file final.cif (mmCIF, C-alpha atoms)
data_structure
loop_
_atom_site.label_atom_id
_atom_site.label_comp_id
_atom_site.auth_asym_id
_atom_site.auth_seq_id
_atom_site.Cartn_x
_atom_site.Cartn_y
_atom_site.Cartn_z
CA MET A 10 -17.28 -1.97 -15.18
CA ARG A 11 -13.54 -2.51 -14.72
CA TRP A 12 -13.02 1.16 -13.81
CA LEU A 13 -15.89 1.01 -11.33
CA VAL A 14 -14.28 -2.03 -9.69
CA ILE A 15 -10.88 -0.37 -9.28
CA THR A 16 -12.54 2.85 -8.06
CA LEU A 17 -14.34 0.92 -5.32
CA ILE A 18 -11.06 -0.76 -4.34
CA GLY A 19 -9.42 2.67 -4.30
CA LEU A 20 -12.18 3.91 -1.99
CA ALA A 21 -11.63 0.91 0.30
CA THR A 22 -7.97 1.91 0.43
CA VAL A 23 -8.92 5.44 1.50
CA ILE A 24 -10.88 3.95 4.40
CA ASN A 25 -7.99 1.58 5.15
CA TYR A 26 -5.58 4.49 5.62
CA ILE A 27 -8.01 6.61 7.62
CA ASP A 28 -8.37 3.70 10.04
CA ARG A 29 -4.69 2.87 10.40
CA ASN A 30 -3.53 6.51 10.68
CA ALA A 31 -6.06 7.54 13.31
CA LEU A 32 -3.97 6.27 16.21
CA ALA A 33 -0.87 8.20 15.08
CA VAL A 34 -2.80 11.46 14.74
CA MET A 35 -4.47 11.11 18.15
CA TRP A 36 -1.52 9.53 19.93
CA PRO A 37 -0.73 12.58 22.12
CA ALA A 38 -4.22 12.34 23.63
CA VAL A 39 -4.53 8.54 23.63
CA SER A 40 -1.11 8.03 25.23
CA LYS A 41 -1.87 10.49 28.00
CA GLU A 42 -5.11 8.72 28.93
CA ILE A 43 -3.78 5.15 28.89
CA GLY A 44 -0.35 6.04 30.32
CA ALA A 45 1.87 5.19 27.33
CA ASP A 46 5.01 6.77 25.83
CA LYS A 47 7.06 6.82 22.60
CA SER A 48 8.57 3.38 23.17
CA ASP A 49 5.06 1.98 23.64
CA TYR A 50 4.04 3.55 20.33
CA ALA A 51 7.01 1.88 18.62
CA LEU A 52 5.86 -1.41 20.16
CA LEU A 53 2.33 -0.88 18.83
CA VAL A 54 3.68 -0.13 15.35
CA THR A 55 5.78 -3.30 15.55
CA ILE A 56 2.80 -5.38 16.66
CA PHE A 57 0.67 -3.96 13.86
CA MET A 58 3.36 -4.60 11.24
CA ILE A 59 4.00 -8.20 12.34
CA ALA A 60 0.26 -8.87 12.12
CA TYR A 61 0.18 -7.05 8.79
CA ALA A 62 3.03 -9.21 7.45
CA PHE A 63 1.19 -12.37 8.49
CA GLY A 64 -2.06 -11.06 7.01
CA GLN A 65 -0.46 -10.28 3.63
CA SER A 66 0.57 -13.88 3.00
CA VAL A 67 -2.59 -15.36 4.52
CA PHE A 68 -4.97 -13.11 2.61
CA GLY A 69 -2.97 -13.55 -0.60
CA LYS A 70 -3.84 -17.24 -0.45
CA ILE A 71 -7.40 -16.53 0.77
CA PHE A 72 -8.08 -14.34 -2.26
CA ASP A 73 -6.76 -17.04 -4.58
CA VAL A 74 -9.10 -19.58 -2.90
CA ILE A 75 -12.39 -17.73 -2.17
CA GLY A 76 -12.13 -15.05 -4.85
CA THR A 77 -11.97 -11.29 -4.99
CA ARG A 78 -15.57 -10.49 -4.05
CA MET A 79 -15.69 -12.37 -0.76
CA GLY A 80 -12.00 -11.79 0.00
CA PHE A 81 -12.54 -8.03 0.17
CA ALA A 82 -15.76 -8.46 2.14
CA VAL A 83 -14.04 -10.55 4.82
CA SER A 84 -11.05 -8.23 5.03
CA ILE A 85 -12.95 -4.96 5.41
CA LEU A 86 -15.55 -6.44 7.76
CA PHE A 87 -12.92 -7.47 10.29
CA TRP A 88 -10.78 -4.34 10.02
CA SER A 89 -13.84 -2.11 10.52
CA LEU A 90 -14.81 -4.04 13.64
CA SER A 91 -11.24 -3.77 14.91
CA ILE A 92 -10.91 0.00 14.53
CA GLY A 93 -14.37 0.60 15.98
CA LEU A 94 -13.43 -1.37 19.10
CA HIS A 95 -10.49 1.01 19.66
CA SER A 96 -13.13 3.23 21.21
CA VAL A 97 -13.34 1.04 24.35
CA VAL A 98 -9.57 0.79 24.97
CA ARG A 99 -8.41 1.55 28.52
CA SER A 100 -5.08 -0.28 28.59
CA LEU A 101 -2.05 -0.86 26.41
CA GLY A 102 -2.78 -4.60 26.40
CA LEU A 103 -6.22 -4.30 24.78
CA LEU A 104 -4.92 -1.71 22.35
CA SER A 105 -2.13 -4.12 21.36
CA LEU A 106 -4.65 -6.91 20.71
CA LEU A 107 -6.78 -4.67 18.52
CA ARG A 108 -3.71 -3.56 16.53
CA VAL A 109 -3.12 -7.26 15.81
CA THR A 110 -6.62 -7.85 14.45
CA LEU A 111 -6.48 -4.56 12.54
CA GLY A 112 -3.13 -5.44 10.98
CA VAL A 113 -4.14 -8.92 9.85
CA SER A 114 -7.43 -7.80 8.32
CA GLU A 115 -6.19 -4.56 6.70
CA ALA A 116 -3.43 -6.52 4.96
CA GLY A 117 -5.97 -8.19 2.68
CA ASN A 118 -6.51 -4.98 0.74
CA TRP A 119 -3.16 -5.22 -1.08
CA PRO A 120 -3.03 -8.78 -2.46
CA GLY A 121 -6.73 -8.38 -3.20
CA ALA A 122 -6.09 -5.28 -5.30
CA ALA A 123 -3.25 -6.99 -7.18
CA LYS A 124 -5.49 -9.95 -7.96
CA ALA A 125 -8.38 -7.72 -9.08
CA ASN A 126 -5.98 -5.80 -11.29
CA ALA A 127 -4.82 -9.02 -12.97
CA LEU A 128 -8.40 -10.19 -13.48
CA TRP A 129 -9.97 -6.96 -14.73
CA PHE A 130 -7.30 -5.20 -16.80
CA PRO A 131 -5.20 -5.99 -19.86
CA GLN A 132 -1.47 -5.53 -19.38
CA LYS A 133 -1.26 -2.07 -20.92
CA GLU A 134 -3.80 -0.71 -18.39
CA ARG A 135 -2.59 -2.47 -15.24
CA ALA A 136 -0.10 0.16 -14.08
CA LEU A 137 -2.73 2.91 -14.34
CA ALA A 138 -5.26 0.74 -12.51
CA GLN A 139 -2.65 0.07 -9.83
CA GLY A 140 -2.00 3.81 -9.71
CA ILE A 141 -5.68 4.51 -9.03
CA PHE A 142 -5.64 1.95 -6.24
CA ASN A 143 -2.41 3.34 -4.75
CA ALA A 144 -3.79 6.86 -5.04
CA GLY A 145 -6.46 5.67 -2.62
CA ALA A 146 -3.74 5.04 -0.04
CA SER A 147 -2.39 8.54 -0.57
CA LEU A 148 -5.85 10.12 -0.51
CA GLY A 149 -6.59 8.24 2.70
CA ALA A 150 -3.42 9.65 4.23
CA ILE A 151 -4.36 13.14 2.97
CA VAL A 152 -7.84 13.16 4.47
CA SER A 153 -7.08 11.12 7.59
CA ALA A 154 -5.08 13.75 9.49
CA PRO A 155 -7.50 16.69 9.09
CA LEU A 156 -10.60 14.45 9.33
CA VAL A 157 -9.42 12.68 12.47
CA ALA A 158 -8.25 15.98 14.00
CA LEU A 159 -11.66 17.54 13.25
CA LEU A 160 -13.59 14.61 14.73
CA PHE A 161 -11.25 14.51 17.70
CA THR A 162 -11.85 18.21 18.39
CA GLY A 163 -15.62 17.75 18.26
CA PHE A 164 -16.10 14.33 19.86
CA GLY A 165 -12.90 13.12 21.51
CA TRP A 166 -10.77 10.14 20.52
CA ARG A 167 -13.12 7.36 21.61
CA THR A 168 -16.08 8.49 19.51
CA THR A 169 -13.73 9.24 16.61
CA PHE A 170 -12.62 5.60 16.47
CA LEU A 171 -16.25 4.50 16.52
CA LEU A 172 -17.27 6.86 13.71
CA ILE A 173 -14.48 5.89 11.34
CA GLY A 174 -15.26 2.22 11.98
CA VAL A 175 -18.68 2.74 10.38
CA LEU A 176 -17.09 3.72 7.03
CA GLY A 177 -16.10 0.15 6.15
CA PHE A 178 -19.61 -1.21 6.72
CA LEU A 179 -21.01 1.48 4.41
CA TRP A 180 -18.48 0.50 1.72
CA LEU A 181 -19.65 -3.11 1.76
CA LEU A 182 -23.06 -2.17 0.37
CA PRO A 183 -21.98 -0.97 -3.12
CA TRP A 184 -19.18 -3.57 -3.27
CA LEU A 185 -21.48 -6.57 -2.83
CA PHE A 186 -24.09 -4.99 -5.12
CA PHE A 187 -21.80 -4.19 -8.07
CA TYR A 188 -19.17 -6.93 -7.84
CA ARG A 189 -21.39 -9.87 -8.75
CA ALA A 190 -18.60 -12.02 -10.20
CA ASP A 191 -15.20 -11.95 -11.89
CA PRO A 192 -15.06 -10.75 -15.52
CA ASP A 193 -15.61 -14.20 -17.04
CA GLY A 194 -18.99 -14.51 -15.31
CA HIS A 195 -20.14 -10.98 -14.43
CA PRO A 196 -23.74 -10.55 -15.67
CA TRP A 197 -23.42 -6.80 -16.31
CA LEU A 198 -20.20 -6.90 -18.32
CA THR A 199 -20.60 -6.26 -22.04
CA GLN A 200 -19.02 -8.69 -24.44
CA ALA A 201 -16.87 -5.90 -25.86
CA GLU A 202 -15.39 -5.09 -22.45
CA ARG A 203 -14.95 -8.77 -21.63
CA ASP A 204 -13.02 -9.26 -24.88
CA HIS A 205 -10.93 -6.17 -24.09
CA ILE A 206 -10.07 -7.48 -20.63
CA MET A 207 -9.28 -10.96 -21.87
CA GLY A 208 -7.17 -9.62 -24.73
CA THR A 209 -9.39 -11.04 -27.48
CA ALA A 210 -10.63 -7.75 -28.94
CA GLY A 211 -8.11 -7.61 -31.75
CA ASP A 212 -5.88 -5.13 -29.92
CA SER A 213 -2.29 -6.27 -30.32
CA ALA A 214 -1.24 -4.03 -27.41
CA ALA A 215 -3.51 -5.96 -25.04
CA PRO A 216 -2.19 -9.54 -25.00
CA LYS A 217 -3.98 -12.37 -23.28
CA ALA A 218 -3.25 -12.73 -19.59
CA PRO A 219 -0.65 -15.45 -18.96
CA ALA A 220 -2.07 -18.77 -17.84
CA TYR A 221 1.04 -19.99 -15.99
CA ALA A 222 0.13 -20.10 -12.29
CA PRO A 223 2.63 -22.23 -10.33
CA GLY A 224 2.41 -23.16 -6.67
CA TRP A 225 4.50 -21.43 -4.02
CA THR A 226 7.51 -23.76 -4.30
CA GLU A 227 7.85 -23.43 -8.05
CA MET A 228 7.02 -19.73 -7.96
CA LEU A 229 9.91 -19.11 -5.57
CA ARG A 230 12.33 -20.85 -7.95
CA HIS A 231 11.98 -17.88 -10.30
CA SER A 232 14.37 -14.99 -9.76
CA GLU A 233 11.54 -12.70 -10.91
CA SER A 234 9.62 -13.58 -7.76
CA TRP A 235 12.63 -12.62 -5.65
CA ALA A 236 12.98 -9.34 -7.53
CA ILE A 237 9.52 -8.41 -6.24
CA ILE A 238 10.05 -9.76 -2.73
CA LEU A 239 13.46 -8.16 -2.14
CA SER A 240 12.73 -4.83 -3.83
CA ARG A 241 9.73 -4.42 -1.55
CA PHE A 242 11.76 -5.49 1.50
CA PHE A 243 14.16 -2.60 0.92
CA LEU A 244 11.84 0.08 -0.52
CA ASP A 245 8.64 -0.11 1.53
CA PRO A 246 10.30 1.02 4.80
CA VAL A 247 10.58 4.50 3.26
CA TRP A 248 6.80 4.73 2.89
CA TRP A 249 6.06 3.33 6.33
CA LEU A 250 8.61 5.62 7.96
CA PHE A 251 6.39 8.55 7.07
CA VAL A 252 3.01 6.83 7.43
CA SER A 253 3.81 5.62 10.96
CA TRP A 254 6.09 8.37 12.25
CA LEU A 255 5.25 11.63 10.46
CA PRO A 256 2.83 12.86 13.16
CA ILE A 257 5.35 11.95 15.87
CA TYR A 258 8.16 13.60 13.88
CA LEU A 259 6.16 16.83 13.61
CA ALA A 260 5.29 16.73 17.31
CA GLU A 261 8.86 16.10 18.49
CA THR A 262 10.75 18.22 15.97
CA PHE A 263 8.44 21.24 15.77
CA GLY A 264 6.34 20.92 18.96
CA PHE A 265 3.03 20.30 17.16
CA ASP A 266 -0.22 19.37 18.94
CA VAL A 267 -3.04 17.27 17.42
CA GLN A 268 -4.63 20.22 15.60
CA GLN A 269 -1.32 21.36 14.10
CA ILE A 270 -0.53 17.81 13.02
CA GLY A 271 -3.89 17.80 11.23
CA MET A 272 -2.92 20.99 9.40
CA PHE A 273 0.44 19.73 8.10
CA ALA A 274 0.53 15.91 8.03
CA TRP A 275 -1.67 15.57 4.94
CA VAL A 276 0.59 17.62 2.63
CA PRO A 277 3.18 14.92 1.77
CA PHE A 278 0.49 12.53 0.64
CA VAL A 279 -0.68 14.92 -2.07
CA GLY A 280 2.70 14.23 -3.63
CA ALA A 281 2.19 10.50 -3.10
CA MET A 282 -1.19 10.54 -4.86
CA ALA A 283 0.30 12.44 -7.81
CA GLY A 284 3.15 9.92 -7.96
CA SER A 285 0.74 6.96 -8.03
CA LEU A 286 -1.17 8.34 -10.99
CA THR A 287 1.95 9.57 -12.78
CA GLY A 288 3.72 6.23 -12.46
CA GLY A 289 0.71 4.36 -13.82
CA TRP A 290 0.14 6.87 -16.62
CA LEU A 291 3.81 6.87 -17.67
CA SER A 292 4.06 3.10 -17.85
CA GLY A 293 0.86 2.78 -19.84
CA LYS A 294 1.83 5.63 -22.15
CA LEU A 295 5.17 4.01 -22.98
CA ILE A 296 3.47 0.69 -23.76
CA ALA A 297 0.89 2.47 -25.94
CA ARG A 298 3.76 4.06 -27.89
CA GLY A 299 5.17 0.64 -28.69
CA ARG A 300 7.77 0.24 -25.97
CA THR A 301 7.98 -3.12 -24.24
CA VAL A 302 6.45 -3.80 -20.85
CA ASN A 303 9.98 -4.43 -19.60
CA PHE A 304 11.13 -0.96 -20.70
CA ALA A 305 7.99 0.78 -19.40
CA ARG A 306 7.98 -0.77 -15.93
CA LYS A 307 11.72 -0.42 -15.33
CA THR A 308 11.77 3.16 -16.59
CA ALA A 309 9.03 4.20 -14.18
CA ILE A 310 10.64 2.32 -11.27
CA THR A 311 14.06 3.82 -11.94
CA LEU A 312 12.74 7.36 -12.36
CA GLY A 313 10.79 7.09 -9.11
CA CYS A 314 13.88 5.97 -7.19
CA VAL A 315 16.00 8.77 -8.69
CA ILE A 316 13.41 11.36 -7.65
CA MET A 317 13.38 10.09 -4.05
CA LEU A 318 17.07 10.36 -3.21
CA PRO A 319 17.85 14.13 -3.13
CA PRO A 320 14.89 15.14 -0.92
CA LEU A 321 15.58 12.24 1.46
CA LEU A 322 19.05 13.68 2.06
CA LEU A 323 17.79 17.28 2.26
CA THR A 324 15.12 16.34 4.83
CA MET A 325 17.92 15.51 7.25
CA HIS A 326 18.44 19.25 7.77
CA ALA A 327 14.93 20.69 7.23
CA ALA A 328 14.61 23.73 9.50
CA THR A 329 10.90 24.54 9.14
CA PRO A 330 7.79 22.34 9.12
CA LEU A 331 6.66 23.65 5.71
CA TYR A 332 10.03 22.90 4.11
CA ALA A 333 10.04 19.45 5.71
CA VAL A 334 6.59 18.40 4.53
CA LEU A 335 7.24 19.70 0.99
CA LEU A 336 10.44 17.66 0.78
CA ILE A 337 8.58 14.60 2.08
CA ALA A 338 5.91 15.20 -0.59
CA VAL A 339 8.59 14.84 -3.29
CA ILE A 340 9.95 11.72 -1.60
CA LEU A 341 6.54 10.09 -1.57
CA PHE A 342 5.88 11.17 -5.18
CA GLY A 343 8.94 9.22 -6.28
CA PHE A 344 8.14 6.30 -3.98
CA GLN A 345 4.67 5.84 -5.42
CA MET A 346 5.94 6.08 -9.00
CA ALA A 347 8.28 3.18 -8.25
CA ILE A 348 6.14 1.01 -5.99
CA ASN A 349 3.10 1.33 -8.24
CA ASN A 350 4.99 -0.46 -11.01
CA ILE A 351 6.67 -2.97 -8.69
CA GLN A 352 3.24 -3.98 -7.40
CA THR A 353 2.12 -4.54 -10.99
CA LEU A 354 4.85 -7.12 -11.62
CA PRO A 355 3.08 -10.20 -10.14
CA ALA A 356 0.35 -9.80 -12.76
CA ASP A 357 2.98 -9.20 -15.47
CA TYR A 358 4.80 -12.46 -14.67
CA PHE A 359 2.13 -14.94 -13.59
CA GLY A 360 -1.48 -15.99 -14.11
CA GLY A 361 -4.38 -15.15 -11.82
CA GLY A 362 -4.02 -18.23 -9.62
CA THR A 363 -0.62 -17.03 -8.40
CA VAL A 364 -0.92 -13.23 -8.42
CA GLY A 365 -2.53 -12.92 -5.00
CA SER A 366 -0.02 -15.29 -3.42
CA LEU A 367 3.04 -13.50 -4.83
CA ALA A 368 1.60 -10.07 -4.03
CA GLY A 369 1.00 -11.29 -0.49
CA LEU A 370 4.56 -12.57 -0.13
CA GLY A 371 5.84 -9.25 -1.44
CA GLY A 372 3.73 -7.47 1.13
CA THR A 373 5.07 -9.71 3.89
CA ALA A 374 8.63 -8.92 2.82
CA ALA A 375 7.77 -5.21 2.80
CA VAL A 376 6.58 -5.44 6.38
CA ALA A 377 9.66 -7.40 7.43
CA GLY A 378 11.87 -4.60 6.12
CA THR A 379 9.66 -2.01 7.77
CA LEU A 380 9.96 -3.73 11.14
CA VAL A 381 13.71 -3.22 11.10
CA THR A 382 13.35 0.55 10.66
CA THR A 383 10.55 0.64 13.23
CA TRP A 384 12.83 -0.92 15.84
CA LEU A 385 15.59 1.53 14.94
CA VAL A 386 13.54 4.74 15.04
CA PRO A 387 13.46 5.27 18.85
CA SER A 388 17.22 4.82 19.25
CA MET A 389 18.21 6.66 16.06
CA THR A 390 15.98 9.69 16.69
CA GLN A 391 16.98 10.60 20.24
CA GLU A 392 18.62 13.84 19.06
CA SER A 393 17.16 14.28 15.56
CA TYR A 394 15.54 12.34 12.72
CA ALA A 395 18.52 12.87 10.38
CA PRO A 396 20.06 9.39 10.95
CA ILE A 397 16.85 7.53 10.07
CA PHE A 398 16.38 9.66 6.93
CA ALA A 399 19.96 8.79 5.91
CA LEU A 400 19.21 5.10 6.37
CA ALA A 401 16.08 5.43 4.21
CA ALA A 402 18.15 7.07 1.46
CA ALA A 403 20.59 4.15 1.49
CA LEU A 404 17.79 1.62 0.99
CA VAL A 405 16.52 3.14 -2.27
CA PRO A 406 19.37 2.13 -4.63
CA VAL A 407 19.50 -1.36 -3.08
CA SER A 408 15.84 -1.88 -3.96
CA LEU A 409 16.39 -0.65 -7.51
CA LEU A 410 19.29 -3.06 -7.99
CA CYS A 411 17.04 -5.96 -6.98
CA VAL A 412 14.65 -5.11 -9.82
CA TRP A 413 17.41 -4.78 -12.42
CA LEU A 414 19.53 -7.76 -11.36
CA LEU A 415 16.80 -10.29 -10.51
CA GLY A 416 13.80 -9.10 -12.53
CA GLY A 417 15.00 -10.48 -15.86
CA ARG A 418 12.95 -9.40 -18.83
CA ILE A 419 9.53 -8.34 -17.60
CA ALA A 420 7.16 -10.50 -19.63
CA PRO A 421 4.67 -13.29 -18.88
CA LEU A 422 6.32 -16.51 -17.72
CA THR A 423 4.81 -19.32 -19.74
CA SER A 424 5.89 -22.62 -18.21
CA PRO A 425 8.28 -24.30 -15.78
CA SER A 426 10.78 -24.43 -18.64
CA HIS A 427 11.13 -20.65 -18.23
CA LEU A 428 13.37 -21.29 -15.24
CA ASN A 429 16.38 -20.01 -17.16
CA ASN A 430 16.11 -17.12 -14.68
CA GLU A 431 15.96 -19.57 -11.79
CA ALA A 432 16.96 -18.05 -8.44
#
call {"tool": "encode", "arguments": {"input": "final.cif", "output": "structure tokens"}}
result
Amino acid sequence: MRWLVITLIGLATVINYIDRNALAVMWPAVSKEIGADKSDYALLVTIFMIAYAFGQSVFGKIFDVIGTRMGFAVSILFWSLSIGLHSVVRSLGLLSLLRVTLGVSEAGNWPGAAKANALWFPQKERALAQGIFNAGASLGAIVSAPLVALLFTGFGWRTTFLLIGVLGFLWLLPWLFFYRADPDGHPWLTQAERDHIMGTAGDSAAPKAPAYAPGWTEMLRHSESWAIILSRFFLDPVWWLFVSWLPIYLAETFGFDVQQIGMFAWVPFVGAMAGSLTGGWLSGKLIARGRTVNFARKTAITLGCVIMLPPLLLTMHAATPLYAVLLIAVILFGFQMAINNIQTLPADYFGGGTVGSLAGLGGTAAVAGTLVTTWLVPSMTQESYAPIFALAAALVPVSLLCVWLLGGRIAPLTSPSHLNNEA
């Protein structure tokens, strides 16, 4: 049952990325009809990200209060309505409003996934479960460009927004049917799987989930919390640089139209999906071989960051679209290896009552960092995209240092007396 739950969350993430990427893929056509330009697109990205930052923290708390089942239902219901209503847009003002509602509601997917991971998986399986979830983001980015381009060619951009809005409502049916309750009360969960999840099956490699779940004030007194918040502030802008700007980069650098964007823009996210699964597999494999959680998580995070740096620098001078997207595929492979394990840390440190809140704060910090790069892109890319790629490369080692210097020993925090790593 636990693998079915994370698969459904992964599928929700596919839909999430199809919805958010649709505007970028169809921007050449949408902008022409509503009379917008590149600076307006940067404004829309900024609006979306501010709403997304707010939604991360709000939904993190919502999931901790109303639970995983209804938290996901509320989130996907509102984001599906928001993207479907894009079909009636005739002005930049209405489009801006809908990007706000889309950003707030789509944000719930991430703290919700972190909370579900903490509830449904023992520690040795969490990184792989997180990898499956993150692979959904990559798969969504893979299929979104060609799918949206295909629908756009056949139906135009308005009907395309309407059609992809239906996907979320279809997802709600199996989610509400299968996710009857959390593991402690799910009627279909076998006792053997419940014991495995709770760490009471006699498996020494699957310890009980930590019960320590402090409030926000006490949580933020731990340097471990700041390791998550700051590492995401510096690292996530690399991901969003390509999610938000890759179609525009291909259009401006290589003269691509919507159909050509659909042919190329999915390639980097194949690398991202492979990185998600590899990072989760590697961390779990190291734990299974007797290495500590601290060693496993930090090894995967460090390796991911090391993989990212060379292609980020090489992309500054990519001369062909194929070479560019292959380099970006390696960048996103390394990014997902690292971020997959960083996103697992809230569940490694704290109990279920805090995981959603800390994951949400980490997501808000990630958006705050992304906003800075979003504001810089129009001015830094007037002649080429090389300066913004150089900035992204500089952020990677800073994020890694946050994990090593503030993360302490990655292990469950057990009580307020553990504040020997107090920030």
call {"tool": "resolve_selection", "arguments": {"input": "final.cif", "expression": "the PyMOL selection byres ((chain A and resi 274) around 12)", "output": "JSON, numbers by chain"}}
result
{"A": [30, 31, 33, 34, 147, 149, 150, 151, 152, 153, 154, 155, 156, 157, 158, 251, 252, 253, 254, 255, 256, 257, 258, 259, 260, 265, 266, 267, 268, 269, 270, 271, 272, 273, 275, 276, 277, 278, 279, 280, 330, 331, 333, 334, 335, 337, 338]}
call {"tool": "atom_distance", "arguments": {"input": "final.cif", "atom1": "CA of Thr162 in chain A", "atom2": "CA of Thr262 in chain A"}}
result
22.7 Å
call {"tool": "closest_residue", "arguments": {"input": "final.cif", "among": "A:Leu323, A:Ile419, A:Ala356, A:Leu336", "to": "Ala395 in chain A", "atoms": "all atoms listed in the file"}}
result
A:Leu323
call {"tool": "atom_distance", "arguments": {"input": "final.cif", "atom1": "CA of Glu42 in chain A", "atom2": "CA of Leu101 in chain A"}}
result
10.4 Å
call {"tool": "resolve_selection", "arguments": {"input": "final.cif", "expression": "the PyMOL selection byres ((chain A and resi 360-377) around 8)", "output": "ChimeraX atom specification"}}
result
/A:58-59,61-70,72-73,119-121,123-124,127-128,218-225,234,237-239,241-246,352,355-356,358-359,378-381
call {"tool": "closest_residue", "arguments": {"input": "final.cif", "among": "A:Ser408, A:Ser84, A:Gln391, A:Thr329", "to": "Ala122 in chain A", "atoms": "only C-alpha atoms"}}
result
A:Ser84
call {"tool": "resolve_selection", "arguments": {"input": "final.cif", "expression": "the PyMOL selection byres ((chain A and resi 398-400) around 10)", "output": "list in words"}}
result
Pro246, Val247, Leu250, Leu318, Pro320, Leu321, Leu322, Leu323, Thr324, Met325, His326, Thr382, Leu385, Val386, Met389, Thr390, Ser393, Tyr394, Ala395, Pro396, Ile397, Ala401, Ala402, Ala403, Leu404 and Val405 of chain A
call {"tool": "residues_around", "arguments": {"input": "final.cif", "residues": "range 302-317 of chain A", "least_positions_apart": "5", "cutoff": "6 Å", "atoms": "all atoms listed in the file", "output": "MDAnalysis selection string"}}
result
chainID A and resid 288 292 295 340 343:344 346:347 350 418:419
call {"tool": "atom_distance", "arguments": {"input": "final.cif", "atom1": "CA of Asn118 in chain A", "atom2": "CA of Leu104 in chain A"}}
result
21.9 Å
call {"tool": "residues_around", "arguments": {"input": "final.cif", "residues": "Leu415 in chain A", "least_positions_apart": "6", "cutoff": "8 Å", "atoms": "only C-alpha atoms", "output": "list in words"}}
result
Ser232, Glu233, Trp235 and Ala236 of chain A
call {"tool": "write_last_selection", "arguments": {"input": "final.cif", "atoms": "C-alpha atoms", "output": "mmCIF file, in the coordinates of the input"}}
result
data_model
loop_
_atom_site.group_PDB
_atom_site.id
_atom_site.type_symbol
_atom_site.label_atom_id
_atom_site.label_comp_id
_atom_site.auth_asym_id
_atom_site.auth_seq_id
_atom_site.Cartn_x
_atom_site.Cartn_y
_atom_site.Cartn_z
ATOM 1 C CA SER A 232 14.370 -14.990 -9.760
ATOM 2 C CA GLU A 233 11.540 -12.700 -10.910
ATOM 3 C CA TRP A 235 12.630 -12.620 -5.650
ATOM 4 C CA ALA A 236 12.980 -9.340 -7.530
#
call {"tool": "closest_residue", "arguments": {"input": "final.cif", "among": "A:Gln132, A:Ser105, A:Ser96, A:Ser240", "to": "Arg167 in chain A", "atoms": "all atoms listed in the file"}}
result
A:Ser96
call {"tool": "closest_residue", "arguments": {"input": "final.cif", "among": "A:Val39, A:Ala125, A:Ala201, A:Leu106", "to": "Trp12 in chain A", "atoms": "all atoms listed in the file"}}
result
A:Ala125
call {"tool": "axis_aligned_box", "arguments": {"input": "final.cif", "around": "range 72-89 of chain A", "padding_each_side": "8 Å", "output": "lines of an AutoDock Vina configuration file"}}
result
center_x = -11.3
center_y = -10.8
center_z = 2.8
size_x = 25.0
size_y = 33.5
size_z = 31.5
call {"tool": "residues_near_point", "arguments": {"input": "final.cif", "point": "(-14.9, -10.4, 8.6)", "cutoff": "12 Å", "atoms": "only C-alpha atoms", "output": "ChimeraX atom specification"}}
result
/A:68,79-91,110-111,113-115,117,177-178,181
call {"tool": "write_last_selection", "arguments": {"input": "final.cif", "atoms": "C-alpha atoms", "output": "PDB file, in the coordinates of the input"}}
result
ATOM      1  CA  PHE A  68      -4.970 -13.110   2.610  1.00  0.00           C
ATOM      2  CA  MET A  79     -15.690 -12.370  -0.760  1.00  0.00           C
ATOM      3  CA  GLY A  80     -12.000 -11.790   0.000  1.00  0.00           C
ATOM      4  CA  PHE A  81     -12.540  -8.030   0.170  1.00  0.00           C
ATOM      5  CA  ALA A  82     -15.760  -8.460   2.140  1.00  0.00           C
ATOM      6  CA  VAL A  83     -14.040 -10.550   4.820  1.00  0.00           C
ATOM      7  CA  SER A  84     -11.050  -8.230   5.030  1.00  0.00           C
ATOM      8  CA  ILE A  85     -12.950  -4.960   5.410  1.00  0.00           C
ATOM      9  CA  LEU A  86     -15.550  -6.440   7.760  1.00  0.00           C
ATOM     10  CA  PHE A  87     -12.920  -7.470  10.290  1.00  0.00           C
ATOM     11  CA  TRP A  88     -10.780  -4.340  10.020  1.00  0.00           C
ATOM     12  CA  SER A  89     -13.840  -2.110  10.520  1.00  0.00           C
ATOM     13  CA  LEU A  90     -14.810  -4.040  13.640  1.00  0.00           C
ATOM     14  CA  SER A  91     -11.240  -3.770  14.910  1.00  0.00           C
ATOM     15  CA  THR A 110      -6.620  -7.850  14.450  1.00  0.00           C
ATOM     16  CA  LEU A 111      -6.480  -4.560  12.540  1.00  0.00           C
ATOM     17  CA  VAL A 113      -4.140  -8.920   9.850  1.00  0.00           C
ATOM     18  CA  SER A 114      -7.430  -7.800   8.320  1.00  0.00           C
ATOM     19  CA  GLU A 115      -6.190  -4.560   6.700  1.00  0.00           C
ATOM     20  CA  GLY A 117      -5.970  -8.190   2.680  1.00  0.00           C
ATOM     21  CA  GLY A 177     -16.100   0.150   6.150  1.00  0.00           C
ATOM     22  CA  PHE A 178     -19.610  -1.210   6.720  1.00  0.00           C
ATOM     23  CA  LEU A 181     -19.650  -3.110   1.760  1.00  0.00           C
TER      24      LEU A 181
END
